[in-house]
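Shown next: start-v4.json, given as JSON, C-alpha atoms.
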```
[["chain", "number", "residue", "atom", "x", "y", "z"],
["V", 1256, "MET", "CA", 0.00, 0.00, 0.00],
["V", 1257, "LYS", "CA", 2.66, 2.47, 1.12],
["V", 1258, "ASN", "CA", 4.80, 1.52, -1.88],
["V", 1259, "SER", "CA", 1.99, 2.07, -4.35],
["V", 1260, "ILE", "CA", 1.43, 5.58, -2.95],
["V", 1261, "PHE", "CA", 5.05, 6.46, -3.74],
["V", 1262, "ILE", "CA", 4.64, 5.14, -7.27],
["V", 1263, "LEU", "CA", 1.37, 7.04, -7.65],
["V", 1264, "LEU", "CA", 2.93, 10.32, -6.43],
["V", 1265, "GLY", "CA", 5.86, 9.84, -8.81],
["V", 1266, "GLY", "CA", 3.37, 9.15, -11.60],
["V", 1267, "LEU", "CA", 1.43, 12.33, -10.86],
["V", 1268, "LEU", "CA", 4.68, 14.30, -10.83],
["V", 1269, "GLY", "CA", 5.61, 12.79, -14.19],
["V", 1270, "VAL", "CA", 2.29, 13.69, -15.80],
["V", 1271, "VAL", "CA", 2.25, 17.21, -14.32],
["V", 1272, "LEU", "CA", 5.83, 18.08, -15.34],
["V", 1273, "TYR", "CA", 5.44, 16.57, -18.82],
["V", 1274, "LYS", "CA", 2.07, 18.15, -19.55],
["V", 1275, "SER", "CA", 3.04, 21.60, -18.25],
["V", 1276, "GLU", "CA", 6.20, 21.26, -20.38],
["V", 1277, "ALA", "CA", 8.48, 21.92, -17.42],
["V", 1278, "ALA", "CA", 10.26, 18.81, -18.73],
["V", 1279, "SER", "CA", 10.85, 20.44, -22.11],
["V", 1280, "TRP", "CA", 14.34, 21.63, -23.01],
["V", 1281, "PHE", "CA", 12.70, 24.52, -24.87],
["V", 1282, "ARG", "CA", 10.87, 25.76, -21.77],
["V", 1283, "ILE", "CA", 14.14, 25.81, -19.82],
["V", 1284, "GLN", "CA", 15.71, 27.82, -22.63],
["V", 1285, "GLU", "CA", 12.77, 30.21, -22.59],
["V", 1286, "MET", "CA", 13.11, 30.62, -18.83],
["V", 1287, "PHE", "CA", 16.83, 31.47, -18.92],
["V", 1288, "ARG", "CA", 16.16, 33.87, -21.82],
["V", 1289, "PHE", "CA", 13.37, 35.59, -19.80],
["V", 1290, "ASP", "CA", 11.04, 35.21, -22.78],
["V", 1291, "SER", "CA", 8.01, 33.83, -20.94],
["V", 1292, "PHE", "CA", 6.37, 33.80, -17.53],
["V", 1293, "HIS", "CA", 5.42, 30.11, -17.81],
["V", 1294, "MET", "CA", 8.28, 28.50, -15.83],
["V", 1295, "TYR", "CA", 8.35, 31.33, -13.29],
["V", 1296, "GLY", "CA", 4.61, 30.86, -12.84],
["V", 1297, "ILE", "CA", 5.09, 27.13, -12.18],
["V", 1298, "ILE", "CA", 7.95, 27.55, -9.70],
["V", 1299, "GLY", "CA", 6.41, 30.67, -8.13],
["V", 1300, "SER", "CA", 2.95, 29.21, -7.56],
["V", 1301, "ALA", "CA", 4.44, 25.93, -6.30],
["V", 1302, "LEU", "CA", 6.44, 28.01, -3.86],
["V", 1303, "VAL", "CA", 3.53, 30.14, -2.61],
["V", 1304, "LEU", "CA", 1.35, 27.10, -1.87],
["V", 1305, "GLY", "CA", 4.44, 25.16, -0.72],
["V", 1306, "ILE", "CA", 5.35, 27.77, 1.91],
["V", 1307, "ILE", "CA", 1.76, 27.82, 3.20],
["V", 1308, "LEU", "CA", 1.54, 24.01, 3.41],
["V", 1309, "VAL", "CA", 4.99, 23.46, 4.93],
["V", 1310, "GLN", "CA", 4.60, 26.22, 7.51],
["V", 1311, "TRP", "CA", 1.16, 24.87, 8.40],
["V", 1312, "ILE", "CA", 2.51, 21.32, 8.77],
["V", 1313, "LYS", "CA", 5.39, 22.58, 10.94],
["V", 1314, "ARG", "CA", 3.38, 24.91, 13.16],
["V", 1315, "SER", "CA", 0.43, 22.60, 13.68],
["V", 1316, "GLY", "CA", 2.79, 19.78, 14.68],
["V", 1317, "THR", "CA", 0.94, 17.48, 12.30],
["V", 1318, "LYS", "CA", 2.22, 13.90, 12.43],
["V", 1319, "SER", "CA", 2.84, 11.82, 9.35],
["V", 1320, "LEU", "CA", 0.12, 9.41, 8.21],
["V", 1321, "TYR", "CA", 2.04, 6.73, 10.07],
["V", 1322, "GLY", "CA", 2.11, 8.66, 13.34],
["V", 1323, "GLU", "CA", 5.77, 9.69, 13.21],
["V", 1324, "SER", "CA", 6.71, 13.29, 13.91],
["V", 1325, "ILE", "CA", 7.70, 15.14, 10.78],
["V", 1326, "LEU", "CA", 11.32, 16.26, 10.60],
["V", 1327, "LEU", "CA", 12.21, 18.45, 7.67],
["V", 1328, "PRO", "CA", 15.88, 18.83, 6.81],
["V", 1329, "GLU", "CA", 17.47, 21.96, 8.28],
["V", 1330, "HIS", "CA", 20.38, 22.68, 5.97],
["V", 1331, "LYS", "CA", 23.60, 23.63, 7.73],
["V", 1332, "ILE", "CA", 24.54, 27.20, 7.00],
["V", 1333, "SER", "CA", 27.39, 27.35, 4.56],
["V", 1334, "PHE", "CA", 28.11, 29.10, 1.32],
["V", 1335, "ALA", "CA", 30.60, 27.18, -0.80],
["V", 1336, "ARG", "CA", 28.72, 23.94, -1.41],
["V", 1337, "TYR", "CA", 25.41, 25.63, -2.21],
["V", 1338, "MET", "CA", 26.87, 28.30, -4.47],
["V", 1339, "TYR", "CA", 29.46, 26.16, -6.30],
["V", 1340, "GLY", "CA", 27.24, 23.10, -6.47],
["V", 1341, "GLY", "CA", 24.34, 25.29, -7.53],
["V", 1342, "ILE", "CA", 26.32, 26.91, -10.35],
["V", 1343, "LEU", "CA", 27.53, 23.53, -11.64],
["V", 1344, "PHE", "CA", 23.99, 22.16, -11.56],
["V", 1345, "GLY", "CA", 22.66, 25.30, -13.28],
["V", 1346, "LEU", "CA", 25.18, 24.86, -16.12],
["V", 1347, "GLY", "CA", 24.02, 21.28, -16.60],
["V", 1348, "TRP", "CA", 20.33, 22.12, -16.19],
["V", 1349, "ALA", "CA", 20.48, 24.68, -19.02],
["V", 1350, "LEU", "CA", 22.55, 22.43, -21.31],
["V", 1351, "ALA", "CA", 20.56, 19.22, -20.78],
["V", 1352, "GLY", "CA", 17.33, 21.18, -20.44],
["V", 1353, "ALA", "CA", 16.36, 18.83, -17.65],
["V", 1354, "CYS", "CA", 16.84, 18.53, -13.93],
["V", 1355, "PRO", "CA", 16.87, 15.04, -12.35],
["V", 1356, "GLY", "CA", 13.07, 14.55, -12.22],
["V", 1357, "PRO", "CA", 12.50, 15.29, -15.92],
["V", 1358, "ILE", "CA", 15.45, 13.06, -16.89],
["V", 1359, "TYR", "CA", 13.45, 10.07, -15.61],
["V", 1360, "ILE", "CA", 10.15, 11.40, -16.91],
["V", 1361, "LEU", "CA", 11.56, 11.87, -20.42],
["V", 1362, "ILE", "CA", 13.07, 8.39, -20.48],
["V", 1363, "GLY", "CA", 9.55, 7.13, -19.71],
["V", 1364, "ALA", "CA", 8.25, 9.35, -22.50],
["V", 1365, "GLY", "CA", 10.51, 7.48, -24.92],
["V", 1366, "GLU", "CA", 13.27, 10.10, -25.25],
["V", 1367, "TRP", "CA", 16.03, 7.51, -25.18],
["V", 1368, "SER", "CA", 18.89, 10.00, -25.53],
["V", 1369, "MET", "CA", 18.06, 11.12, -21.99],
["V", 1370, "ALA", "CA", 19.55, 7.80, -20.85],
["V", 1371, "ILE", "CA", 22.94, 9.21, -21.88],
["V", 1372, "VAL", "CA", 22.27, 12.24, -19.68],
["V", 1373, "LEU", "CA", 21.31, 9.87, -16.84],
["V", 1374, "VAL", "CA", 24.57, 7.93, -17.24],
["V", 1375, "GLY", "CA", 26.42, 11.27, -17.09],
["V", 1376, "ALA", "CA", 24.46, 12.22, -13.96],
["V", 1377, "LEU", "CA", 25.31, 8.92, -12.24],
["V", 1378, "ILE", "CA", 29.00, 9.41, -13.10],
["V", 1379, "GLY", "CA", 28.70, 12.94, -11.71],
["V", 1380, "ALA", "CA", 27.07, 11.77, -8.46],
["V", 1381, "PHE", "CA", 29.75, 9.07, -8.17],
["V", 1382, "ALA", "CA", 32.54, 11.60, -8.76],
["V", 1383, "HIS", "CA", 31.06, 13.85, -6.09],
["V", 1384, "GLY", "CA", 31.00, 10.97, -3.61],
["V", 1385, "VAL", "CA", 34.61, 10.03, -4.34],
["V", 1386, "TRP", "CA", 35.91, 13.61, -4.15],
["V", 1387, "SER", "CA", 33.58, 14.80, -1.41],
["V", 1388, "LYS", "CA", 36.33, 14.90, 1.23],
["V", 1389, "LYS", "CA", 38.41, 17.24, -0.94],
["V", 1390, "LEU", "CA", 35.66, 19.69, -1.83],
["V", 1391, "PRO", "CA", 34.98, 22.91, 0.10],
["V", 1392, "TYR", "CA", 31.69, 22.65, 1.98],
["W", 1291, "MET", "CA", -3.51, 23.44, -31.78],
["W", 1292, "SER", "CA", -7.26, 22.89, -32.01],
["W", 1293, "LYS", "CA", -9.35, 24.76, -29.47],
["W", 1294, "THR", "CA", -11.89, 21.97, -29.32],
["W", 1295, "LYS", "CA", -9.44, 19.52, -27.76],
["W", 1296, "PRO", "CA", -10.09, 18.86, -24.07],
["W", 1297, "MET", "CA", -7.95, 21.08, -21.81],
["W", 1298, "PHE", "CA", -6.01, 18.21, -20.30],
["W", 1299, "LEU", "CA", -4.68, 17.19, -23.72],
["W", 1300, "GLN", "CA", -3.26, 20.68, -24.26],
["W", 1301, "THR", "CA", -0.39, 22.37, -22.43],
["W", 1302, "TRP", "CA", -1.27, 22.50, -18.74],
["W", 1303, "PRO", "CA", -1.16, 26.08, -17.48],
["W", 1304, "TRP", "CA", 1.32, 27.12, -14.80],
["W", 1305, "TYR", "CA", -1.44, 27.75, -12.26],
["W", 1306, "VAL", "CA", -2.44, 24.08, -12.43],
["W", 1307, "SER", "CA", 1.07, 22.65, -12.54],
["W", 1308, "GLY", "CA", 2.67, 24.76, -9.77],
["W", 1309, "PRO", "CA", 0.05, 24.08, -7.07],
["W", 1310, "ALA", "CA", -0.03, 20.39, -8.11],
["W", 1311, "ILE", "CA", 3.73, 20.18, -7.49],
["W", 1312, "ALA", "CA", 3.25, 21.76, -4.05],
["W", 1313, "LEU", "CA", 0.52, 19.21, -3.22],
["W", 1314, "ILE", "CA", 2.77, 16.32, -4.30],
["W", 1315, "MET", "CA", 5.50, 17.72, -2.03],
["W", 1316, "ALA", "CA", 3.05, 18.01, 0.87],
["W", 1317, "ALA", "CA", 1.83, 14.44, 0.28],
["W", 1318, "LEU", "CA", 5.41, 13.15, 0.45],
["W", 1319, "ILE", "CA", 6.00, 15.10, 3.67],
["W", 1320, "LEU", "CA", 2.81, 13.62, 5.16],
["W", 1321, "MET", "CA", 4.12, 10.20, 4.13],
["W", 1322, "GLY", "CA", 7.09, 10.99, 6.38],
["W", 1323, "LYS", "CA", 9.45, 11.60, 3.45],
["W", 1324, "ARG", "CA", 10.48, 14.60, 1.41],
["W", 1325, "PHE", "CA", 10.36, 15.89, -2.11],
["W", 1326, "GLY", "CA", 13.73, 15.66, -3.83],
["W", 1327, "MET", "CA", 14.52, 14.04, -7.15],
["W", 1328, "SER", "CA", 18.33, 14.01, -7.02],
["W", 1329, "SER", "CA", 19.16, 12.01, -3.87],
["W", 1330, "ASN", "CA", 18.11, 8.88, -5.80],
["W", 1331, "LEU", "CA", 21.32, 9.32, -7.84],
["W", 1332, "ASP", "CA", 23.32, 8.55, -4.68],
["W", 1333, "THR", "CA", 21.01, 5.61, -3.93],
["W", 1334, "LEU", "CA", 21.56, 4.22, -7.44],
["W", 1335, "CYS", "CA", 25.35, 4.63, -7.04],
["W", 1336, "SER", "CA", 25.21, 2.75, -3.72],
["W", 1337, "LEU", "CA", 23.17, -0.05, -5.26],
["W", 1338, "GLY", "CA", 25.69, -0.20, -8.12],
["W", 1339, "GLY", "CA", 28.47, -0.92, -5.64],
["W", 1340, "ALA", "CA", 29.97, 2.58, -5.30],
["W", 1341, "GLY", "CA", 30.54, 1.84, -1.61],
["W", 1342, "LYS", "CA", 33.68, -0.04, -2.66],
["W", 1343, "PHE", "CA", 35.19, 3.24, -3.84],
["W", 1344, "SER", "CA", 33.98, 5.74, -1.26],
["W", 1345, "ASP", "CA", 32.46, 5.66, 2.22],
["W", 1346, "HIS", "CA", 30.08, 8.32, 0.93],
["W", 1347, "PHE", "CA", 28.03, 5.53, -0.64],
["W", 1348, "LYS", "CA", 28.09, 3.18, 2.34],
["W", 1349, "GLY", "CA", 25.12, 2.84, 4.56],
["W", 1350, "ASP", "CA", 21.57, 1.71, 4.48],
["W", 1351, "THR", "CA", 20.05, 1.86, 1.00],
["W", 1352, "LYS", "CA", 16.86, 0.13, 2.15],
["W", 1353, "SER", "CA", 15.72, 3.33, 3.85],
["W", 1354, "SER", "CA", 16.03, 5.09, 0.47],
["W", 1355, "ASN", "CA", 14.00, 2.55, -1.47],
["W", 1356, "TRP", "CA", 10.99, 4.84, -1.40],
["W", 1357, "ASN", "CA", 12.76, 7.40, -3.57],
["W", 1358, "LEU", "CA", 13.38, 4.75, -6.22],
["W", 1359, "LEU", "CA", 9.63, 4.03, -6.19],
["W", 1360, "VAL", "CA", 8.99, 7.73, -6.84],
["W", 1361, "VAL", "CA", 11.48, 7.47, -9.72],
["W", 1362, "LEU", "CA", 9.67, 4.41, -11.08],
["W", 1363, "GLY", "CA", 6.38, 6.30, -10.85],
["W", 1364, "SER", "CA", 7.79, 9.32, -12.68],
["W", 1365, "VAL", "CA", 9.01, 7.08, -15.53],
["W", 1366, "LEU", "CA", 5.49, 5.62, -15.78],
["W", 1367, "GLY", "CA", 3.98, 9.10, -15.55],
["W", 1368, "GLY", "CA", 6.19, 10.28, -18.42],
["W", 1369, "PHE", "CA", 5.09, 7.27, -20.47],
["W", 1370, "ILE", "CA", 1.41, 7.93, -19.82],
["W", 1371, "ALA", "CA", 1.67, 11.68, -20.46],
["W", 1372, "ALA", "CA", 3.59, 11.27, -23.71],
["W", 1373, "ASN", "CA", 1.60, 8.36, -25.13],
["W", 1374, "LEU", "CA", -1.94, 8.93, -23.89],
["W", 1375, "LEU", "CA", -2.25, 12.63, -23.07],
["W", 1376, "SER", "CA", -0.22, 14.39, -25.78],
["W", 1377, "PRO", "CA", -1.69, 14.19, -29.29],
["W", 1378, "ASN", "CA", 0.63, 17.08, -30.18],
["W", 1379, "ALA", "CA", 3.89, 17.28, -28.24],
["W", 1380, "ALA", "CA", 5.24, 20.40, -29.98],
["W", 1381, "VAL", "CA", 6.11, 23.02, -27.39],
["W", 1382, "GLU", "CA", 4.94, 26.46, -28.42],
["W", 1383, "VAL", "CA", 7.64, 28.59, -26.85],
["W", 1384, "SER", "CA", 7.76, 32.33, -27.40],
["W", 1385, "THR", "CA", 8.82, 33.61, -30.81],
["W", 1386, "ASN", "CA", 11.87, 35.30, -29.26],
["W", 1387, "THR", "CA", 13.15, 31.97, -27.98],
["W", 1388, "VAL", "CA", 12.37, 30.24, -31.29],
["W", 1389, "GLU", "CA", 14.30, 32.89, -33.22],
["W", 1390, "SER", "CA", 17.31, 32.89, -30.90],
["W", 1391, "LEU", "CA", 17.49, 29.09, -31.01],
["W", 1392, "ARG", "CA", 17.13, 28.89, -34.79],
["W", 1393, "GLN", "CA", 20.10, 31.25, -35.09],
["W", 1394, "LEU", "CA", 22.08, 28.71, -33.09],
["W", 1395, "GLY", "CA", 21.02, 25.93, -35.45],
["W", 1396, "PHE", "CA", 18.04, 24.55, -33.48],
["W", 1397, "GLU", "CA", 15.59, 24.40, -36.39],
["W", 1398, "SER", "CA", 13.25, 22.18, -34.39],
["W", 1399, "ALA", "CA", 12.44, 25.05, -31.98],
["W", 1400, "GLY", "CA", 8.66, 25.42, -31.79],
["W", 1401, "THR", "CA", 7.97, 22.07, -33.47],
["W", 1402, "ALA", "CA", 9.10, 19.45, -30.95],
["W", 1403, "TYR", "CA", 9.20, 18.64, -27.23],
["W", 1404, "LEU", "CA", 13.00, 18.31, -27.20],
["W", 1405, "PRO", "CA", 15.41, 19.62, -29.87],
["W", 1406, "THR", "CA", 16.01, 16.86, -32.40],
["W", 1407, "GLU", "CA", 19.43, 18.47, -33.01],
["W", 1408, "LEU", "CA", 20.53, 17.22, -29.57],
["W", 1409, "PHE", "CA", 18.23, 14.31, -28.74],
["W", 1410, "GLY", "CA", 17.16, 12.85, -32.09],
["W", 1411, "TRP", "CA", 18.55, 9.57, -33.41],
["W", 1412, "GLU", "CA", 20.47, 11.28, -36.22],
["W", 1413, "ALA", "CA", 22.19, 13.62, -33.78],
["W", 1414, "LEU", "CA", 23.66, 10.58, -32.01],
["W", 1415, "ALA", "CA", 25.81, 9.91, -35.08],
["W", 1416, "SER", "CA", 27.94, 12.84, -33.97],
["W", 1417, "PRO", "CA", 30.42, 12.31, -31.12],
["W", 1418, "LYS", "CA", 29.86, 15.97, -30.18],
["W", 1419, "THR", "CA", 26.26, 15.13, -29.21],
["W", 1420, "TRP", "CA", 27.44, 12.31, -26.94],
["W", 1421, "GLY", "CA", 29.98, 14.64, -25.36],
["W", 1422, "ILE", "CA", 27.41, 17.35, -24.74],
["W", 1423, "LEU", "CA", 24.83, 14.97, -23.24],
["W", 1424, "LEU", "CA", 27.39, 13.25, -21.00],
["W", 1425, "ILE", "CA", 28.91, 16.53, -19.79],
["W", 1426, "ALA", "CA", 25.46, 18.03, -19.19],
["W", 1427, "GLY", "CA", 24.50, 14.93, -17.19],
["W", 1428, "PHE", "CA", 27.76, 15.01, -15.25],
["W", 1429, "LEU", "CA", 27.17, 18.65, -14.26],
["W", 1430, "VAL", "CA", 23.61, 17.83, -13.18],
["W", 1431, "GLY", "CA", 24.70, 14.81, -11.11],
["W", 1432, "PHE", "CA", 27.80, 16.38, -9.59],
["W", 1433, "GLY", "CA", 26.18, 19.78, -9.01],
["W", 1434, "THR", "CA", 23.02, 18.50, -7.35],
["W", 1435, "ARG", "CA", 24.85, 16.15, -5.04],
["W", 1436, "TYR", "CA", 27.41, 18.82, -4.11],
["W", 1437, "ALA", "CA", 24.65, 21.38, -3.49],
["W", 1438, "GLY", "CA", 22.54, 18.72, -1.73],
["W", 1439, "GLY", "CA", 19.48, 19.17, -3.92],
["W", 1440, "CYS", "CA", 18.03, 20.24, -7.23],
["W", 1441, "THR", "CA", 14.97, 22.13, -8.39],
["W", 1442, "SER", "CA", 12.67, 19.96, -6.28],
["W", 1443, "GLY", "CA", 14.87, 19.69, -3.20],
["W", 1444, "HIS", "CA", 16.08, 23.30, -2.98],
["W", 1445, "ALA", "CA", 13.91, 25.52, -5.20],
["W", 1446, "ILE", "CA", 10.61, 23.98, -4.07],
["W", 1447, "SER", "CA", 11.12, 22.06, -0.80],
["W", 1448, "GLY", "CA", 13.97, 24.07, 0.68],
["W", 1449, "LEU", "CA", 12.50, 27.47, -0.08],
["W", 1450, "SER", "CA", 9.07, 26.30, 1.14],
["W", 1451, "ASN", "CA", 10.82, 25.50, 4.42],
["W", 1452, "LEU", "CA", 12.44, 28.98, 4.34],
["W", 1453, "GLN", "CA", 15.97, 27.59, 4.24],
["W", 1454, "LEU", "CA", 18.65, 30.19, 3.53],
["W", 1455, "PRO", "CA", 21.05, 27.60, 2.04],
["W", 1456, "SER", "CA", 18.38, 26.68, -0.51],
["W", 1457, "LEU", "CA", 18.16, 30.33, -1.54],
["W", 1458, "ILE", "CA", 21.94, 30.39, -2.07],
["W", 1459, "ALA", "CA", 21.65, 27.19, -4.13],
["W", 1460, "VAL", "CA", 18.81, 28.58, -6.26],
["W", 1461, "ILE", "CA", 20.83, 31.76, -6.92],
["W", 1462, "GLY", "CA", 23.66, 29.43, -7.98],
["W", 1463, "PHE", "CA", 21.28, 27.49, -10.29],
["W", 1464, "PHE", "CA", 20.41, 30.73, -12.04],
["W", 1465, "ILE", "CA", 23.99, 31.98, -12.29],
["W", 1466, "GLY", "CA", 24.94, 28.65, -13.89],
["W", 1467, "GLY", "CA", 21.91, 28.57, -16.20],
["W", 1468, "LEU", "CA", 22.37, 32.16, -17.37],
["W", 1469, "LEU", "CA", 26.09, 31.60, -17.99],
["W", 1470, "MET", "CA", 25.33, 28.48, -20.02],
["W", 1471, "VAL", "CA", 22.60, 30.01, -22.16],
["W", 1472, "HIS", "CA", 24.07, 33.46, -22.74],
["W", 1473, "LEU", "CA", 27.83, 32.83, -22.63],
["W", 1474, "PHE", "CA", 28.52, 29.18, -23.50],
["W", 1475, "PHE", "CA", 25.69, 28.41, -25.96],
["W", 1476, "PRO", "CA", 27.07, 30.68, -28.71],
["W", 1477, "LEU", "CA", 30.46, 28.95, -28.24],
["W", 1478, "ILE", "CA", 29.14, 25.38, -28.12],
["W", 1479, "PHE", "CA", 26.54, 25.71, -30.86],
["W", 1480, "ALA", "CA", 28.24, 28.23, -33.13],
["W", 1481, "PRO", "CA", 26.81, 27.65, -36.62]]
```

Write out the structure in this file as structure tokens.
Amino acid sequence: MKNSIFILLGGLLGVVLYKSEAASWFRIQEMFRFDSFHMYGIIGSALVLGIILVQWIKRSGTKSLYGESILLPEHKISFARYMYGGILFGLGWALAGACPGPIYILIGAGEWSMAIVLVGALIGAFAHGVWSKKLPY
Amino acid sequence: MSKTKPMFLQTWPWYVSGPAIALIMAALILMGKRFGMSSNLDTLCSLGGAGKFSDHFKGDTKSSNWNLLVVLGSVLGGFIAANLLSPNAAVEVSTNTVESLRQLGFESAGTAYLPTELFGWEALASPKTWGILLIAGFLVGFGTRYAGGCTSGHAISGLSNLQLPSLIAVIGFFIGGLLMVHLFFPLIFAP
């Protein structure tokens, strides 16, 4: 039951991102060229409702459906990892036209070349793990 | 695109998609988990035996199985959306974007979901395409794991939780994206 909910939520995410074209390389281009409000509308409205829902969940002390208390990650304050990692991801996001979610969604959609991007992403995640002790955090 | 087609077969507007993403995030939180689509890359590395090379990948992968189920779902969702809900997958981006991209050699702008010049079968005949796709993937994988999150983890979840580090990461995402599109694209895709 629990497992099928995760698959269902992933499925909804896939349909929503594909149908709103947030998974389209062209929409990412349009966003970084400031030629349309579409992507800003998606991220902005997700954020407005997201802030309301998360703050409500936190302040009301709502428990998870399984009765556990909800612990959201508090990121440690630092600059280097977020800024450098963010810039590297941004370079890749604009070139591939896809962040990790859409990579999977597009493979499902039959865009097989995205599998090459996924292989690159796995090599990248592996390289980060191997070098993580040498990177500034 | 025909106006008589049901709404859900056309491009979904931002005011449907954005709130839907927030609800999916909230559902994952209420399931006791969180919304982030890049941590599964570490899970996949661990399952592939990366623990032999770095302690970073050691540890309990069973507790991360749920994020692989979300991945499985998103693959299925992509399949359903593309095959059952998209009679016309052409993305009608703004004419400015179409013109800028055509100048860079992306003739498919405005007629496809992804540029055939980068993702089509014929493009794969060129080693340059493989290089671009692998490097782009590498930057996505390395960058998200270094920054500890991607669009879902930082831009949506982290900012919804009012996390300052997520704001720094999102500023980084945009610096990187703007540099790529405005500085590197003319160099990489010079006609």

### Straight-line distance linking atom CA of W:Gly1368 with atom CA of V:Gly1356, stated in Å to one decimal
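Those two atoms sit 10.2 Å apart.
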
Spatial neighbours of V:Leu1343, max dist 7 Å, only C-alpha atoms, sep filter under 5 positions, as an mmCIF file with C-alpha atoms, keeping the file's coordinate frame:
```
data_model
loop_
_atom_site.group_PDB
_atom_site.id
_atom_site.type_symbol
_atom_site.label_atom_id
_atom_site.label_comp_id
_atom_site.auth_asym_id
_atom_site.auth_seq_id
_atom_site.Cartn_x
_atom_site.Cartn_y
_atom_site.Cartn_z
ATOM 1 C CA LEU W 1429 27.170 18.650 -14.260
ATOM 2 C CA GLY W 1433 26.180 19.780 -9.010
ATOM 3 C CA GLY W 1466 24.940 28.650 -13.890
#
```

Could you list as an mmCIF file with C-alpha atoms, in the frame of the given file every residue that has an atom within 12 Å of (27.3, 29.4, 6.8), using the file's coordinates and counting all atoms listed in the file?
```cif
data_model
loop_
_atom_site.group_PDB
_atom_site.id
_atom_site.type_symbol
_atom_site.label_atom_id
_atom_site.label_comp_id
_atom_site.auth_asym_id
_atom_site.auth_seq_id
_atom_site.Cartn_x
_atom_site.Cartn_y
_atom_site.Cartn_z
ATOM 1 C CA HIS V 1330 20.380 22.680 5.970
ATOM 2 C CA LYS V 1331 23.600 23.630 7.730
ATOM 3 C CA ILE V 1332 24.540 27.200 7.000
ATOM 4 C CA SER V 1333 27.390 27.350 4.560
ATOM 5 C CA PHE V 1334 28.110 29.100 1.320
ATOM 6 C CA ALA V 1335 30.600 27.180 -0.800
ATOM 7 C CA ARG V 1336 28.720 23.940 -1.410
ATOM 8 C CA TYR V 1337 25.410 25.630 -2.210
ATOM 9 C CA MET V 1338 26.870 28.300 -4.470
ATOM 10 C CA TYR V 1392 31.690 22.650 1.980
ATOM 11 C CA GLN W 1453 15.970 27.590 4.240
ATOM 12 C CA LEU W 1454 18.650 30.190 3.530
ATOM 13 C CA PRO W 1455 21.050 27.600 2.040
ATOM 14 C CA SER W 1456 18.380 26.680 -0.510
ATOM 15 C CA ILE W 1458 21.940 30.390 -2.070
#
```

### Task
Rank nothing, just name the residue among W:Phe1396, W:Phe1432, W:Phe1298, W:Phe1475 nearest to chain V, using all atoms listed in the file.
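Comparing W:Phe1396, W:Phe1432, W:Phe1298, W:Phe1475 against chain V, the winner is W:Phe1432.
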
### Task
For each of V:Ala1278, V:Met1286, V:Met1294, V:Ile1325, take the minimum atom-to-atom distance to W:Arg1324, counting only C-alpha atoms, then give the residue where this is smallest.
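Smallest separation from W:Arg1324 among the options: V:Ile1325.
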
### Message
Which residue is closest to W:Val1383? Choose from W:Ile1311, W:Ala1399, W:Leu1358, W:Leu1318 and count only C-alpha atoms.
### Response
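Smallest separation from W:Val1383 among the options: W:Ala1399.
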
#### Entry: Among listed residues V:Leu1373, V:Leu1304, V:Glu1285, V:Gly1345, nearest V:Ile1360 (using all atoms listed in the file)
V:Leu1373

### Task
Taking (16.4, 8.9, -23.6) in the file's own coordinates, collect the residues within 9 Å, counting all atoms listed in the file, and hand them back as an MDAnalysis selection string.
(chainID V and resid 1358:1359 1361:1373) or (chainID W and resid 1409)

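Among the candidate residues V:Leu1350, V:Leu1264, V:Ile1283, V:Leu1326, the one lying nearest to W:Thr1419 is V:Leu1350, with distances computed using only C-alpha atoms.
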
### Task
May I ask which of the residues W:Gln1393, W:Thr1351, W:Asn1373, W:Ser1450 is the closest one to chain V, counting all atoms listed in the file?
W:Ser1450

### Query
What gap, in Å, lies between atom CA of V:Ile1306 and atom CA of W:Gly1448?
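So the answer is 9.5 Å.
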
### Message
Would you compute the distance between atom CA of W:Gly1467 and atom CA of V:Val1374? Give it in Å to one decimal.
### Response
20.8 Å

List the neighbours of V:Leu1327 out to 9 Å using only C-alpha atoms; skip same-chain residues closer than 4 positions along the sequence, and give me the result as a JSON list (two decimals) with C-alpha atoms, in the frame of the given file.
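So part.json came out as:
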```json
[["chain", "number", "residue", "atom", "x", "y", "z"],
["V", 1313, "LYS", "CA", 5.39, 22.58, 10.94],
["W", 1319, "ILE", "CA", 6.00, 15.10, 3.67],
["W", 1323, "LYS", "CA", 9.45, 11.60, 3.45],
["W", 1324, "ARG", "CA", 10.48, 14.60, 1.41],
["W", 1451, "ASN", "CA", 10.82, 25.50, 4.42]]
```

### Task
May I have the residues within 10 Å of W:His1346 as JSON, numbers by chain, using all atoms listed in the file and disregarding those fewer than 6 positions away in the same chain?
{"V": [1381, 1383, 1384, 1385, 1386, 1387, 1388], "W": [1332, 1335, 1336, 1340]}

Who sits within 8 Å of W:Gly1308, all atoms listed in the file, same chain under 4 positions skipped, as a PDB file with C-alpha atoms, keeping the file's coordinate frame:
```pdb
ATOM      1  CA  GLY V1296       4.610  30.860 -12.840  1.00  0.00           C
ATOM      2  CA  ILE V1297       5.090  27.130 -12.180  1.00  0.00           C
ATOM      3  CA  ILE V1298       7.950  27.550  -9.700  1.00  0.00           C
ATOM      4  CA  GLY V1299       6.410  30.670  -8.130  1.00  0.00           C
ATOM      5  CA  SER V1300       2.950  29.210  -7.560  1.00  0.00           C
ATOM      6  CA  ALA V1301       4.440  25.930  -6.300  1.00  0.00           C
ATOM      7  CA  LEU V1302       6.440  28.010  -3.860  1.00  0.00           C
TER       8      LEU V1302
ATOM      9  CA  TRP W1304       1.320  27.120 -14.800  1.00  0.00           C
ATOM     10  CA  ALA W1312       3.250  21.760  -4.050  1.00  0.00           C
TER      11      ALA W1312
END
```

### Task
Determine, counting only C-alpha atoms, which protein, DNA and RNA residues have an atom within 12 Å of an atom of stretch 1329-1331 of chain W; residues of the same chain fewer than 3 positions away are not included. Present the result as an MDAnalysis selection string.
(chainID V and resid 1354:1356 1358:1359 1373:1384) or (chainID W and resid 1324:1326 1334:1338 1340 1347 1351:1362 1427:1428 1430:1444)
